[in-house]
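Encoded as structure tokens, the structure appears first; notes follow it.
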Amino acid sequence: MCEKEQIMHIGICADKQCYLEFMEMLIQQCCNHLKIICEMTLFAAGEGLLEYKKELDLLFLSTELDKSNGITVEELGRKRNVKRMILVTDRREYMKSVFGMNVIGFEKKQLEEKHIKKWLTVVKKEMESSQISYRAGYQLVTVPKNGIIYVEADRDYIKLYKIGQSAPDTILKSLKALEEQLDSFCFARVHKSYLVNMQYITEVRGNEVFLYGQENAIPFGRNYKKQFMERYYTPKSWDGYWH
């Protein structure tokens, strides 16, 4: 059960007002059933979503990603206040276009209550364990998981790179141990020495991964690239994709 003070901030973006109202009603019913306290913000056009500054824990996006509707893949990818997205679409080509963004799943336009409940439950569990704590030197540090860009292994230590911080925190811990603490929807191993947050991937080119705000690319390990691509880049790899 959610803590009383914990509120899930949900956004809904749809082209048609009737569909926007339908999704609002359905999501509210699911939240009530799961005992989730939510606040919903509705966007009837892409421009409003792009201008929105507050954080959204989950966004249901049911709009075409092109200039005619005021929103493109590239613009949406720069919105770091949207933590997770469900793309509601019947167009398969969006699978590749949103790769590396904070998309955790896809659904067809004909949404069902059981599918919405599944995604709300995923986000609820993640929010209930949304922070990790560790010792950096003599200090006990607590950080939100979605503030971690990537982690690098360095012998018996790991270097944790965070948003808004130029130098990493160095921690006496194995990369595998930290990986078990992090959310498998957002974090992926791309190399035996690197763990990256999918929300911050801006491009995958050749054997390298490029991350938001980072000068140096992260290399793919020979034994990790295929699994990474199969899991996040092909339609069959998305859990719950188009039931």
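Convention: chains lettered A, B, ... in structure tokens order; per-chain residue numbering from 1; ligands numbered from 1 as shown.
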
### Task
Excluding Val82 of chain A and residues on its chain fewer than 4 positions from it, collect all residues at most 12 Å away from it, counting only C-alpha atoms, and give them as a VMD selection string.
chain A and resid 9 to 12 49 to 61 75 to 78 86 101 to 104 146 199 to 200

### Message
When DSSP is applied to the backbone of this structure, which of segment 132-241 of chain A are assigned strand (DSSP E or B)? Write them out as JSON, numbers by chain.
### Response
{"A": [132, 133, 134, 135, 136, 139, 140, 141, 142, 143, 144, 148, 149, 150, 151, 152, 153, 154, 157, 158, 159, 160, 161, 162, 169, 170, 171, 172, 187, 188, 189, 190, 191, 194, 195, 196, 197, 201, 202, 203, 204, 205, 208, 209, 210, 211, 218, 219]}

Grab the residues selected above and save them as a PDB file, in the first residue's frame with C-alpha atoms.
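Heads up, here's the output in part30.pdb:
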ATOM      1  CA  ILE A 132      19.183   4.187  -2.505  1.00  0.00           C
ATOM      2  CA  SER A 133      21.630   4.990   0.275  1.00  0.00           C
ATOM      3  CA  TYR A 134      25.380   4.398   0.381  1.00  0.00           C
ATOM      4  CA  ARG A 135      28.530   5.617   2.058  1.00  0.00           C
ATOM      5  CA  ALA A 136      30.787   7.904   0.041  1.00  0.00           C
ATOM      6  CA  GLN A 139      29.188  10.483   4.494  1.00  0.00           C
ATOM      7  CA  LEU A 140      25.917   8.602   4.193  1.00  0.00           C
ATOM      8  CA  VAL A 141      24.374   9.668   0.891  1.00  0.00           C
ATOM      9  CA  THR A 142      20.770   9.092  -0.212  1.00  0.00           C
ATOM     10  CA  VAL A 143      19.904   9.695  -3.857  1.00  0.00           C
ATOM     11  CA  PRO A 144      16.877   9.076  -6.094  1.00  0.00           C
ATOM     12  CA  ILE A 148      21.791   8.208 -11.525  1.00  0.00           C
ATOM     13  CA  ILE A 149      23.050   8.499 -15.111  1.00  0.00           C
ATOM     14  CA  TYR A 150      25.458   5.557 -15.145  1.00  0.00           C
ATOM     15  CA  VAL A 151      27.754   3.498 -12.942  1.00  0.00           C
ATOM     16  CA  GLU A 152      31.322   2.409 -13.701  1.00  0.00           C
ATOM     17  CA  ALA A 153      33.138  -0.463 -12.012  1.00  0.00           C
ATOM     18  CA  ASP A 154      36.719   0.180 -10.868  1.00  0.00           C
ATOM     19  CA  TYR A 157      34.873   0.094  -6.153  1.00  0.00           C
ATOM     20  CA  ILE A 158      32.188   1.634  -8.304  1.00  0.00           C
ATOM     21  CA  LYS A 159      31.898   5.199  -9.543  1.00  0.00           C
ATOM     22  CA  LEU A 160      28.372   6.544  -9.520  1.00  0.00           C
ATOM     23  CA  TYR A 161      27.665   9.436 -11.916  1.00  0.00           C
ATOM     24  CA  LYS A 162      24.630  11.558 -10.991  1.00  0.00           C
ATOM     25  CA  ASP A 169      30.805   9.304  -5.959  1.00  0.00           C
ATOM     26  CA  THR A 170      33.212   6.429  -5.289  1.00  0.00           C
ATOM     27  CA  ILE A 171      31.712   3.546  -3.335  1.00  0.00           C
ATOM     28  CA  LEU A 172      33.167   0.317  -1.966  1.00  0.00           C
ATOM     29  CA  PHE A 187      18.902   0.281 -15.817  1.00  0.00           C
ATOM     30  CA  ALA A 188      20.749  -2.024 -18.187  1.00  0.00           C
ATOM     31  CA  ARG A 189      24.216  -3.581 -18.217  1.00  0.00           C
ATOM     32  CA  VAL A 190      26.013  -2.723 -21.457  1.00  0.00           C
ATOM     33  CA  HIS A 191      29.492  -3.843 -20.435  1.00  0.00           C
ATOM     34  CA  TYR A 194      29.167  -0.248 -17.002  1.00  0.00           C
ATOM     35  CA  LEU A 195      25.538   0.007 -15.962  1.00  0.00           C
ATOM     36  CA  VAL A 196      23.487   2.743 -17.653  1.00  0.00           C
ATOM     37  CA  ASN A 197      20.162   4.424 -16.944  1.00  0.00           C
ATOM     38  CA  ILE A 201      20.453   7.400 -23.432  1.00  0.00           C
ATOM     39  CA  THR A 202      20.422   9.888 -26.313  1.00  0.00           C
ATOM     40  CA  GLU A 203      21.860   7.654 -29.022  1.00  0.00           C
ATOM     41  CA  VAL A 204      23.181   4.187 -29.755  1.00  0.00           C
ATOM     42  CA  ARG A 205      25.773   4.251 -32.521  1.00  0.00           C
ATOM     43  CA  GLU A 208      28.843   2.878 -28.177  1.00  0.00           C
ATOM     44  CA  VAL A 209      26.057   4.323 -26.043  1.00  0.00           C
ATOM     45  CA  PHE A 210      25.765   8.104 -25.702  1.00  0.00           C
ATOM     46  CA  LEU A 211      24.288   9.557 -22.531  1.00  0.00           C
ATOM     47  CA  ILE A 218      30.043   4.206 -23.016  1.00  0.00           C
ATOM     48  CA  PRO A 219      31.403   1.174 -24.918  1.00  0.00           C
TER      49      PRO A 219
END

### Task
Work out how far atom CA of Ser130 of chain A is from atom CA of Ala217 of chain A, in Å to one decimal.
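Interatomic distance, atom CA of Ala217 of chain A to atom CA of Ser130 of chain A: 26.4 Å.
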
List the spatial neighbours of Lys225 of chain A as a PDB file with C-alpha atoms, in the first residue's frame - criterion: any atom at most 9 Å away, only C-alpha atoms, same-chain residues fewer than 2 positions off excluded.
ATOM      1  CA  ARG A 189      24.216  -3.581 -18.217  1.00  0.00           C
ATOM      2  CA  VAL A 190      26.013  -2.723 -21.457  1.00  0.00           C
ATOM      3  CA  HIS A 191      29.492  -3.843 -20.435  1.00  0.00           C
ATOM      4  CA  ASN A 207      29.449  -0.145 -30.383  1.00  0.00           C
ATOM      5  CA  PHE A 220      29.386  -1.969 -25.457  1.00  0.00           C
ATOM      6  CA  GLY A 221      30.902  -5.164 -24.126  1.00  0.00           C
ATOM      7  CA  ARG A 222      31.050  -7.980 -26.672  1.00  0.00           C
ATOM      8  CA  ASN A 223      28.863 -10.214 -24.522  1.00  0.00           C
ATOM      9  CA  GLN A 227      21.156  -9.029 -25.140  1.00  0.00           C
ATOM     10  CA  PHE A 228      20.764  -5.279 -24.658  1.00  0.00           C
ATOM     11  CA  MET A 229      19.375  -4.789 -28.168  1.00  0.00           C
ATOM     12  CA  GLU A 230      17.025  -7.751 -27.942  1.00  0.00           C
TER      13      GLU A 230
END

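Scanning segment 155-223 of chain A with DSSP on the backbone, the alpha helix (DSSP H) assignments fall on Leu175, Lys176, Ala177, Leu178, Glu179, Glu180 and Gln181 of chain A.
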
### Near-Val88 of chain A list (10 Å; only C-alpha atoms; drop same-chain fewer than 4 positions) as JSON, numbers by chain
{"A": [13, 14, 60, 61, 62, 63, 64, 105, 106, 107, 108, 109, 110, 111, 242]}

Residues from the last selection, N, CA and C atoms, saved as an mmCIF file, in the first residue's frame:
data_model
loop_
_atom_site.group_PDB
_atom_site.id
_atom_site.type_symbol
_atom_site.label_atom_id
_atom_site.label_comp_id
_atom_site.auth_asym_id
_atom_site.auth_seq_id
_atom_site.Cartn_x
_atom_site.Cartn_y
_atom_site.Cartn_z
ATOM 1 N N CYS A 13 -1.774 12.544 -22.309
ATOM 2 C CA CYS A 13 -1.732 13.398 -23.497
ATOM 3 C C CYS A 13 -2.412 12.651 -24.639
ATOM 4 N N ALA A 14 -3.469 13.236 -25.187
ATOM 5 C CA ALA A 14 -4.211 12.616 -26.279
ATOM 6 C C ALA A 14 -4.706 13.681 -27.237
ATOM 7 N N PHE A 60 0.911 8.743 -19.858
ATOM 8 C CA PHE A 60 0.285 7.959 -20.915
ATOM 9 C C PHE A 60 0.205 8.871 -22.142
ATOM 10 N N LEU A 61 0.988 8.563 -23.150
ATOM 11 C CA LEU A 61 1.074 9.419 -24.326
ATOM 12 C C LEU A 61 0.348 8.768 -25.494
ATOM 13 N N SER A 62 -0.773 9.370 -25.891
ATOM 14 C CA SER A 62 -1.541 8.867 -27.015
ATOM 15 C C SER A 62 -1.684 9.980 -28.039
ATOM 16 N N THR A 63 -0.591 10.290 -28.688
ATOM 17 C CA THR A 63 -0.592 11.358 -29.683
ATOM 18 C C THR A 63 0.466 11.065 -30.720
ATOM 19 N N GLU A 64 0.294 11.526 -31.924
ATOM 20 C CA GLU A 64 1.283 11.294 -32.972
ATOM 21 C C GLU A 64 2.478 12.209 -32.738
ATOM 22 N N GLY A 105 6.864 0.981 -21.673
ATOM 23 C CA GLY A 105 5.965 0.033 -22.310
ATOM 24 C C GLY A 105 5.118 0.649 -23.396
ATOM 25 N N PHE A 106 4.460 -0.216 -24.147
ATOM 26 C CA PHE A 106 3.576 0.176 -25.239
ATOM 27 C C PHE A 106 2.220 -0.486 -25.051
ATOM 28 N N GLU A 107 1.168 0.214 -25.458
ATOM 29 C CA GLU A 107 -0.173 -0.352 -25.442
ATOM 30 C C GLU A 107 -0.904 0.086 -26.706
ATOM 31 N N LYS A 108 -1.825 -0.742 -27.146
ATOM 32 C CA LYS A 108 -2.675 -0.353 -28.264
ATOM 33 C C LYS A 108 -3.691 0.689 -27.800
ATOM 34 N N LYS A 109 -4.292 1.363 -28.776
ATOM 35 C CA LYS A 109 -5.273 2.404 -28.468
ATOM 36 C C LYS A 109 -6.459 1.862 -27.681
ATOM 37 N N GLN A 110 -6.801 0.609 -27.926
ATOM 38 C CA GLN A 110 -7.926 0.001 -27.227
ATOM 39 C C GLN A 110 -7.449 -0.492 -25.862
ATOM 40 N N LEU A 111 -7.304 0.459 -24.942
ATOM 41 C CA LEU A 111 -6.774 0.154 -23.621
ATOM 42 C C LEU A 111 -7.752 -0.672 -22.796
ATOM 43 N N TRP A 242 1.605 -4.377 -26.770
ATOM 44 C CA TRP A 242 0.452 -4.634 -27.657
ATOM 45 C C TRP A 242 -0.222 -5.977 -27.408
#

### Task
Would you work out the distance separating atom CA of Glu179 of chain A from atom CA of Val122 of chain A, expressed in Å to one decimal?
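Here the two named atoms are 17.6 Å from each other.
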
### Task
Find the residue from A:Lys145, A:Arg91, A:Lys118, A:Arg155 that sits nearest to Ser174 of chain A; use only C-alpha atoms when measuring.
A:Arg155

### Message
Taking only C-alpha atoms into account, name the residue in A:Gln165, A:Leu20, A:Gly147, A:Gln29 that is nearest to Asn81 of chain A.
### Response
A:Gly147

### Query
What does the distance between atom CA of Gln6 of chain A and atom CA of Met25 of chain A come to in Å, to one decimal place?
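One can read the atom CA of Gln6 of chain A to atom CA of Met25 of chain A distance as 20.8 Å.
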
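Restricting the calculation to only C-alpha atoms, the smallest distance between Glu112 of chain A and any of A:Ile7, A:Met198, A:Met127, A:Cys30 is found for A:Cys30.
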
### Closest of A:Arg80, A:His33, A:Lys173, A:Lys16 to Leu120 of chain A - atom-to-atom distances counting only C-alpha atoms
A:His33
